[in-house]
$ cat input18.txt   # compact mmCIF, C-alpha atoms (C1' of nucleotides)
# COMPACT_ATOMS: atom_id res chain seq x y z
CA MET A 141 86.65 69.71 86.52
CA ILE A 142 89.97 70.39 88.19
CA ALA A 143 92.00 73.30 86.94
CA ALA A 144 95.40 72.52 85.47
CA PRO A 145 98.27 73.39 87.85
CA ASP A 146 99.26 76.46 85.85
CA ARG A 147 95.68 77.75 86.09
CA MET A 148 95.61 77.67 89.90
CA PRO A 149 95.46 81.09 91.55
CA LEU A 150 98.43 81.91 93.73
CA ALA A 151 97.45 81.59 97.39
CA ARG A 152 97.60 84.44 99.83
CA GLU A 153 100.53 82.71 101.54
CA PHE A 154 102.56 83.21 98.38
CA PHE A 155 102.35 86.97 98.82
CA ASP A 156 102.71 86.88 102.61
CA ARG A 157 106.51 86.68 102.45
CA PRO A 158 109.42 89.13 102.12
CA VAL A 159 108.97 91.10 98.91
CA LEU A 160 112.48 90.29 97.68
CA GLU A 161 111.55 86.61 97.70
CA VAL A 162 108.21 87.14 96.04
CA ALA A 163 109.26 89.53 93.28
CA PRO A 164 111.53 87.23 91.23
CA GLU A 165 109.11 84.35 91.67
CA LEU A 166 106.36 86.37 90.00
CA LEU A 167 108.17 86.23 86.65
CA GLY A 168 106.38 83.86 84.29
CA ARG A 169 103.14 83.96 86.24
CA THR A 170 99.83 84.66 84.53
CA LEU A 171 97.96 87.86 85.33
CA VAL A 172 94.29 87.58 84.41
CA ARG A 173 92.03 90.58 83.95
CA THR A 174 88.35 89.96 83.40
CA SER A 175 85.93 92.73 82.54
CA PRO A 176 82.65 93.05 80.66
CA GLU A 177 84.67 93.73 77.51
CA GLY A 178 86.51 90.45 77.72
CA THR A 179 89.48 88.72 79.28
CA ILE A 180 93.15 89.52 78.90
CA GLU A 181 95.99 87.37 80.17
CA VAL A 182 99.55 88.57 80.55
CA ARG A 183 102.71 86.61 81.23
CA ILE A 184 104.69 88.69 83.72
CA THR A 185 108.23 89.40 82.47
CA GLU A 186 109.47 92.40 84.47
CA VAL A 187 108.88 93.57 88.05
CA GLU A 188 110.33 95.85 90.71
CA ALA A 189 110.29 95.34 94.47
CA TYR A 190 109.40 98.16 96.85
CA ALA A 191 110.37 97.28 100.36
CA GLY A 192 108.06 99.11 102.70
CA GLU A 193 108.59 102.06 104.98
CA ALA A 194 112.35 101.54 105.13
CA ASP A 195 112.74 101.91 101.36
CA PRO A 196 113.45 105.49 100.24
CA GLY A 197 112.17 104.62 96.77
CA SER A 198 108.78 103.48 98.00
CA HIS A 199 105.57 105.45 98.25
CA ALA A 200 105.39 104.07 101.78
CA TYR A 201 108.68 105.70 102.83
CA ARG A 202 106.99 108.57 104.62
CA GLY A 203 104.40 106.38 106.26
CA ARG A 204 100.79 105.62 105.60
CA THR A 205 98.69 108.07 103.62
CA GLU A 206 95.35 107.89 101.89
CA ARG A 207 97.02 107.09 98.59
CA ASN A 208 99.24 104.23 99.75
CA ALA A 209 96.80 102.75 102.28
CA SER A 210 96.27 99.54 100.32
CA MET A 211 100.00 98.77 100.50
CA PHE A 212 99.60 98.61 104.28
CA GLY A 213 96.68 96.24 103.90
CA PRO A 214 96.68 92.45 103.62
CA PRO A 215 98.94 90.70 101.08
CA GLY A 216 97.61 89.43 97.79
CA HIS A 217 95.72 92.63 97.02
CA ALA A 218 96.29 95.33 94.40
CA TYR A 219 97.82 98.74 94.99
CA VAL A 220 96.98 101.02 92.05
CA TYR A 221 98.26 104.58 91.87
CA PHE A 222 97.87 107.48 89.47
CA ILE A 223 101.05 109.03 88.11
CA TYR A 224 102.18 111.87 85.82
CA GLY A 225 98.63 113.11 85.58
CA MET A 226 97.59 110.43 83.12
CA TRP A 227 98.73 106.91 83.90
CA PHE A 228 98.07 104.15 86.35
CA SER A 229 100.48 101.56 87.70
CA LEU A 230 99.76 98.23 89.35
CA ASN A 231 101.46 96.74 92.39
CA LEU A 232 100.89 93.42 94.13
CA VAL A 233 100.93 93.88 97.90
CA CYS A 234 103.31 91.58 99.80
CA GLY A 235 104.16 90.83 103.40
CA PRO A 236 101.92 90.82 106.44
CA GLU A 237 99.14 93.33 106.98
CA GLY A 238 100.47 96.46 108.62
CA THR A 239 103.67 96.40 106.59
CA ALA A 240 103.84 98.09 103.19
CA SER A 241 105.77 96.14 100.59
CA GLY A 242 104.70 95.71 97.01
CA VAL A 243 105.81 94.49 93.61
CA LEU A 244 105.38 96.88 90.69
CA LEU A 245 104.45 95.08 87.48
CA ARG A 246 106.57 96.73 84.80
CA GLY A 247 106.12 94.53 81.78
CA GLY A 248 104.47 91.47 80.34
CA GLU A 249 103.53 89.52 77.26
CA VAL A 250 99.88 89.49 76.27
CA ILE A 251 99.06 85.81 75.74
CA GLU A 252 95.27 86.04 75.60
CA GLY A 253 92.96 88.81 74.45
CA VAL A 254 95.43 90.45 72.09
CA ASP A 255 92.65 92.09 70.08
CA LEU A 256 91.15 93.74 73.14
CA ALA A 257 94.58 94.86 74.30
CA ARG A 258 95.24 96.38 70.89
CA ALA A 259 91.94 98.24 71.05
CA ARG A 260 92.96 99.76 74.37
CA ARG A 261 96.49 100.53 73.16
CA PRO A 262 96.02 101.71 69.58
CA LYS A 263 99.43 103.37 69.57
CA ALA A 264 101.29 100.13 70.10
CA ARG A 265 103.08 99.29 66.86
CA ARG A 266 103.95 95.73 67.80
CA ASP A 267 102.31 93.21 70.05
CA ARG A 268 105.36 93.19 72.28
CA GLU A 269 104.63 96.86 73.14
CA LEU A 270 101.10 96.19 74.35
CA ALA A 271 102.17 95.70 77.97
CA GLN A 272 105.82 96.80 77.82
CA GLY A 273 106.11 99.32 80.65
CA PRO A 274 104.06 99.77 83.82
CA ALA A 275 101.56 102.30 82.47
CA ARG A 276 101.20 100.43 79.20
CA LEU A 277 100.46 97.23 81.09
CA ALA A 278 97.83 98.99 83.20
CA THR A 279 96.29 100.55 80.10
CA ALA A 280 96.12 97.27 78.20
CA LEU A 281 94.41 95.61 81.16
CA ASP A 282 92.16 98.59 81.95
CA VAL A 283 93.58 98.79 85.45
CA THR A 284 92.43 102.02 87.08
CA ARG A 285 91.81 103.43 90.53
CA ALA A 286 88.67 101.27 90.59
CA LEU A 287 90.88 98.21 91.10
CA ASN A 288 92.86 99.66 94.00
CA GLY A 289 92.66 97.19 96.87
CA VAL A 290 91.00 94.30 95.03
CA ASP A 291 91.80 90.76 96.11
CA LEU A 292 94.14 88.98 93.68
CA CYS A 293 93.56 85.54 95.15
CA ALA A 294 89.87 85.23 94.31
CA GLY A 295 90.47 83.39 91.06
CA PRO A 296 88.05 83.84 88.16
CA ASN A 297 85.49 85.44 90.48
CA GLY A 298 87.49 88.61 90.79
CA PRO A 299 88.39 91.21 88.16
CA LEU A 300 92.10 90.60 88.59
CA SER A 301 94.02 87.53 89.69
CA VAL A 302 97.41 85.89 89.44
CA LEU A 303 97.69 82.27 88.33
CA ALA A 304 100.63 79.95 88.90
CA GLY A 305 101.61 80.00 85.23
CA HIS A 306 105.09 78.81 84.36
CA PRO A 307 107.64 80.46 86.68
CA VAL A 308 110.82 81.64 85.06
CA PRO A 309 113.67 79.39 86.27
CA PRO A 310 116.00 81.21 88.68
CA ASP A 311 118.94 80.90 86.28
CA GLN A 312 116.98 82.92 83.71
CA VAL A 313 116.11 85.72 86.14
CA ARG A 314 118.19 88.89 85.82
CA SER A 315 118.27 91.80 88.25
CA GLY A 316 119.44 95.39 88.27
CA PRO A 317 118.68 98.87 89.60
CA ARG A 318 115.11 100.06 89.62
CA THR A 319 113.95 102.30 86.81
CA GLY A 320 113.24 105.93 87.57
CA VAL A 321 114.16 105.61 91.24
CA GLY A 322 116.61 108.16 92.54
CA GLY A 323 118.15 109.14 95.85
CA ASP A 324 119.13 106.61 98.47
CA GLY A 325 116.96 103.91 96.97
CA ALA A 326 118.65 104.02 93.58
CA HIS A 327 121.38 101.44 93.90
CA HIS A 328 119.48 98.39 95.10
CA PRO A 329 119.19 95.71 92.37
CA TRP A 330 115.49 95.28 93.00
CA ARG A 331 114.32 95.18 89.40
CA PHE A 332 113.87 91.64 88.09
CA TRP A 333 113.22 90.48 84.56
CA ALA A 334 113.19 87.39 82.37
CA ASP A 335 116.47 87.19 80.48
CA GLY A 336 116.17 88.09 76.82
CA ASP A 337 112.42 88.65 76.82
CA PRO A 338 111.35 91.27 74.24
CA THR A 339 108.56 92.63 76.45
CA VAL A 340 110.97 93.88 79.11
CA SER A 341 111.03 97.70 79.12
CA GLN A 342 114.20 99.61 78.47
CA TYR A 343 116.07 100.86 81.53
CA ARG A 344 115.92 104.59 82.15
CA PRO A 345 117.81 106.20 84.99
CA HIS A 346 116.18 108.66 87.32
CA VAL A 347 116.11 112.26 86.03
CA PRO A 348 115.07 114.93 88.52
CA ARG A 349 113.11 117.70 86.84
CA ASN A 350 114.14 120.53 89.13
CA ARG A 351 116.15 120.97 92.25
CA GLY A 352 114.50 122.42 95.30
CA LYS A 353 112.35 125.51 95.07
CA ALA A 354 111.75 127.44 91.89
CA ARG A 355 114.70 129.62 91.17
CA GLN A 356 115.58 132.04 88.48
CA GLN A 357 118.00 130.77 85.92
CA ASP A 358 121.54 130.87 87.06
CA GLY A 359 123.16 133.68 85.17
CA ALA A 360 125.64 132.41 82.66
C1' DC B 1444 97.50 127.28 100.35
C1' DA B 1445 100.74 127.50 96.53
C1' DG B 1446 104.67 125.17 94.63
C1' DT B 1447 106.74 121.08 93.03
C1' DC B 1448 107.38 116.91 90.65
C1' DG B 1449 106.48 111.98 90.14
C1' DA B 1450 107.82 103.91 90.24
C1' DT B 1451 105.82 107.39 82.29
C1' DT B 1452 104.66 107.62 77.50
C1' DC B 1453 104.61 109.65 73.09
C1' DA B 1454 105.76 112.84 69.28
C1' DC B 1455 109.17 115.16 67.20
C1' DT B 1456 114.11 116.62 65.85
C1' DG C 1250 117.87 112.78 72.46
C1' DT C 1251 114.67 116.24 74.21
C1' DG C 1252 110.51 118.04 75.87
C1' DA C 1253 105.39 118.20 76.41
C1' DA C 1254 101.29 116.36 78.43
C1' DT C 1255 98.50 116.58 82.71
C1' DC C 1256 96.70 115.94 87.74
C1' DG C 1257 96.93 115.41 92.34
C1' DA C 1258 99.53 113.92 96.60
C1' DC C 1259 102.77 115.69 99.38
C1' DT C 1260 105.54 119.38 101.43
C1' DG C 1261 106.64 123.35 104.00
C1' DA C 1262 105.15 127.78 105.41
$ encode --input "input18.txt" --output "structure tokens"
Amino acid sequence: MIAAPDRMPLAREFFDRPVLEVAPELLGRTLVRTSPEGTIEVRITEVEAYAGEADPGSHAYRGRTERNASMFGPPGHAYVYFIYGMWFSLNLVCGPEGTASGVLLRGGEVIEGVDLARARRPKARRDRELAQGPARLATALDVTRALNGVDLCAGPNGPLSVLAGHPVPPDQVRSGPRTGVGGDGAHHPWRFWADGDPTVSQYRPHVPRNRGKARQQDGA
DNA sequence: CAGTCGATTCACT
DNA sequence: GTGAATCGACTGA
């Protein structure tokens, strides 16, 4: 039996291109997570591009480290990182091996496995919140460090894959500044989302917690 | 080796 | 709208 076109996994060549081409084309694609507990499918609605070592907003900005190593690996693999002491986020690695671009998945609509997603995200009040936000999406899909580096092009054999789905038409793609990114990388409109979709997270500007070294409170 | 803060979420006011 | 939670990678000494 031949899989329907929208059920075909995206080929490695899809990811082996400049990240700013790939990122908007990921909107509307189907992310499939299979685990012993069951299968969850998410329609991707919001992403951000991180453009390698030249991008001040990227984890790769200061070169290769143990944490970001998978971003320097071959395209079409996952880069999963741990953040704020409690959450994970999922990136899809783009561009040729040796470079370090990736697309952060920031939001999606759960279209299969809603019950399982709800079990993993008991605090979600509405279905639209199940995968609305990068850490929420990772939680709903049970994406953890264990999936760092996995191949996304393996189809149903692998724990995580991206199917062709139904791409959002270019005239329905919106873009703007990346969420939570400060400094020199702040102004690039490298966040992409599907216009009007309720599962797109709300924009929050970057807020630095402190400046420089610890200092006593400025007298006032 | 200690200090700092992050590609966030949630509870509470 | 504001702040807490919570850990570990990265930085600079």
$ closest_atom_pairs --input "input18.txt" --of "region 299-330 of chain A" --to "region 220-243 of chain A" --cutoff "12 Å" --atoms "only C-alpha atoms" --output "CSV"
residue,atom,partner,partner_atom,distance
A:Leu300,CA,A:Leu232,CA,10.8
A:Ser301,CA,A:Leu232,CA,10.1
A:Val302,CA,A:Leu232,CA,9.5
A:Arg318,CA,A:Val243,CA,11.6
A:Trp330,CA,A:Val243,CA,9.7
$ residues_around --input "input18.txt" --residues "Gly216 (chain A)" --least-positions-apart "2" --cutoff "8 Å" --atoms "all atoms listed in the file" --output "NGL selection string"
:A and (151-152 or 154-156 or 214 or 218 or 232-234 or 291-293)
$ interface_residues --input "input18.txt" --of "chain B" --to "chain A" --cutoff "9 Å" --atoms "all atoms listed in the file" --output "NGL selection string"
:B and (1446-1453)
$ axis_aligned_box --input "input18.txt" --around "region 1449-1454 of chain B" --padding-each-side "3 Å" --output "AutoDock Vina command-line options"
--center_x 106.2 --center_y 108.4 --center_z 79.8 --size_x 9.2 --size_y 14.9 --size_z 27.0
$ atom_distance --input "input18.txt" --atom1 "CA of Val290 (chain A)" --atom2 "CA of Gly316 (chain A)"
29.3 Å
$ atom_distance --input "input18.txt" --atom1 "CA of Trp333 (chain A)" --atom2 "CA of Val313 (chain A)"
5.8 Å
$ atom_distance --input "input18.txt" --atom1 "CA of Asn297 (chain A)" --atom2 "CA of Thr174 (chain A)"
8.9 Å
$ closest_atom_pairs --input "input18.txt" --of "chain C" --to "chain A" --cutoff "10 Å" --atoms "only C-alpha atoms (C1' of nucleotides)" --output "Markdown table"
| residue | atom | partner | partner_atom | distance |
| --- | --- | --- | --- | --- |
| C:DA1254 | C1' | A:Gly225 | CA | 8.3 |
| C:DT1255 | C1' | A:Gly225 | CA | 4.5 |
| C:DC1256 | C1' | A:Gly225 | CA | 4.0 |
| C:DG1257 | C1' | A:Gly225 | CA | 7.3 |
| C:DA1258 | C1' | A:Arg207 | CA | 7.5 |
| C:DC1259 | C1' | A:Thr205 | CA | 9.6 |
$ residues_around --input "input18.txt" --residues "Gly289 (chain A)" --least-positions-apart "2" --cutoff "6 Å" --atoms "only C-alpha atoms (C1' of nucleotides)" --output "NGL selection string"
:A and (210 or 217-219)
$ write_last_selection --input "input18.txt" --atoms "C-alpha atoms" --output "PDB file, in the coordinates of the input"
ATOM      1  CA  SER A 210      96.270  99.540 100.320  1.00  0.00           C
ATOM      2  CA  HIS A 217      95.720  92.630  97.020  1.00  0.00           C
ATOM      3  CA  ALA A 218      96.290  95.330  94.400  1.00  0.00           C
ATOM      4  CA  TYR A 219      97.820  98.740  94.990  1.00  0.00           C
TER       5      TYR A 219
END
$ residues_near_point --input "input18.txt" --point "(91.1, 90.1, 76.9)" --cutoff "10 Å" --atoms "all atoms listed in the file" --output "number ranges by chain"
A: 172-182, 250-258, 280-282
$ build_atoms --input "input18.txt" --residues "region 259-270 of chain A" --atoms "all heavy atoms" --output "CSV table (one decimal), in the frame of the given file"
chain,number,residue,atom,x,y,z
A,259,ALA,N,93.0,97.2,71.1
A,259,ALA,CA,91.9,98.2,71.0
A,259,ALA,C,92.2,99.3,72.1
A,259,ALA,O,92.0,100.5,71.9
A,259,ALA,CB,90.6,97.6,71.2
A,260,ARG,N,92.7,98.8,73.3
A,260,ARG,CA,93.0,99.8,74.4
A,260,ARG,C,94.3,100.5,74.2
A,260,ARG,O,94.5,101.5,74.8
A,260,ARG,CB,93.0,99.0,75.7
A,260,ARG,CG,91.6,98.5,76.1
A,260,ARG,CD,91.7,97.6,77.3
A,260,ARG,NE,90.4,97.2,77.9
A,260,ARG,CZ,90.2,96.2,78.6
A,260,ARG,NH1,91.2,95.4,79.0
A,260,ARG,NH2,89.0,95.9,79.1
A,261,ARG,N,95.2,99.9,73.4
A,261,ARG,CA,96.5,100.5,73.2
A,261,ARG,C,96.7,100.7,71.7
A,261,ARG,O,97.7,100.1,71.1
A,261,ARG,CB,97.6,99.6,73.8
A,261,ARG,CG,97.5,99.5,75.3
A,261,ARG,CD,98.8,99.6,75.9
A,261,ARG,NE,99.5,100.8,75.5
A,261,ARG,CZ,100.6,100.9,74.8
A,261,ARG,NH1,101.2,99.9,74.4
A,261,ARG,NH2,101.0,102.1,74.5
A,262,PRO,N,95.9,101.6,71.0
A,262,PRO,CA,96.0,101.7,69.6
A,262,PRO,C,97.4,102.2,69.1
A,262,PRO,O,97.7,102.0,67.9
A,262,PRO,CB,94.9,102.7,69.3
A,262,PRO,CG,94.7,103.4,70.6
A,262,PRO,CD,94.9,102.5,71.6
A,263,LYS,N,98.1,102.8,70.0
A,263,LYS,CA,99.4,103.4,69.6
A,263,LYS,C,100.5,102.3,69.6
A,263,LYS,O,101.6,102.6,69.1
A,263,LYS,CB,99.8,104.5,70.5
A,263,LYS,CG,98.9,105.7,70.2
A,263,LYS,CD,99.1,106.9,71.1
A,263,LYS,CE,98.2,108.0,70.8
A,263,LYS,NZ,98.2,109.1,71.8
A,264,ALA,N,100.3,101.2,70.1
A,264,ALA,CA,101.3,100.1,70.1
A,264,ALA,C,101.5,99.7,68.7
A,264,ALA,O,100.6,99.3,68.0
A,264,ALA,CB,100.9,99.0,71.0
A,265,ARG,N,102.8,99.7,68.2
A,265,ARG,CA,103.1,99.3,66.9
A,265,ARG,C,103.2,97.8,66.7
A,265,ARG,O,103.0,97.2,65.7
A,265,ARG,CB,104.4,100.0,66.4
A,265,ARG,CG,104.2,101.5,66.4
A,265,ARG,CD,105.6,102.1,66.5
A,265,ARG,NE,105.6,103.4,65.7
A,265,ARG,CZ,106.3,103.6,64.6
A,265,ARG,NH1,107.1,102.7,64.2
A,265,ARG,NH2,106.2,104.8,64.0
A,266,ARG,N,103.7,97.2,67.8
A,266,ARG,CA,104.0,95.7,67.8
A,266,ARG,C,103.3,95.1,69.0
A,266,ARG,O,103.1,95.8,70.0
A,266,ARG,CB,105.4,95.4,67.9
A,266,ARG,CG,106.3,96.1,66.9
A,266,ARG,CD,107.7,96.2,67.4
A,266,ARG,NE,108.7,96.4,66.3
A,266,ARG,CZ,109.3,95.3,65.8
A,266,ARG,NH1,109.2,94.1,66.3
A,266,ARG,NH2,110.2,95.5,64.8
A,267,ASP,N,103.0,93.9,68.9
A,267,ASP,CA,102.3,93.2,70.0
A,267,ASP,C,103.2,93.3,71.3
A,267,ASP,O,102.7,93.3,72.4
A,267,ASP,CB,102.0,91.7,69.7
A,267,ASP,CG,100.8,91.6,68.8
A,267,ASP,OD1,100.1,92.7,68.5
A,267,ASP,OD2,100.5,90.5,68.4
A,268,ARG,N,104.5,93.2,71.1
A,268,ARG,CA,105.4,93.2,72.3
A,268,ARG,C,105.3,94.5,73.1
A,268,ARG,O,105.6,94.5,74.2
A,268,ARG,CB,106.8,92.9,71.9
A,268,ARG,CG,107.4,94.0,71.0
A,268,ARG,CD,108.9,94.1,71.1
A,268,ARG,NE,109.6,93.0,70.6
A,268,ARG,CZ,110.1,92.8,69.4
A,268,ARG,NH1,109.8,93.7,68.5
A,268,ARG,NH2,110.8,91.8,69.1
A,269,GLU,N,104.8,95.6,72.5
A,269,GLU,CA,104.6,96.9,73.1
A,269,GLU,C,103.3,97.0,73.9
A,269,GLU,O,103.1,98.0,74.6
A,269,GLU,CB,104.7,98.0,72.1
A,269,GLU,CG,106.1,98.1,71.5
A,269,GLU,CD,106.1,99.1,70.3
A,269,GLU,OE1,105.1,99.7,70.0
A,269,GLU,OE2,107.2,99.3,69.7
A,270,LEU,N,102.4,96.0,73.8
A,270,LEU,CA,101.1,96.2,74.4
A,270,LEU,C,101.2,96.4,75.9
A,270,LEU,O,100.4,97.2,76.4
A,270,LEU,CB,100.2,95.0,74.0
A,270,LEU,CG,99.8,94.9,72.6
A,270,LEU,CD1,99.1,93.5,72.3
A,270,LEU,CD2,98.8,96.0,72.2
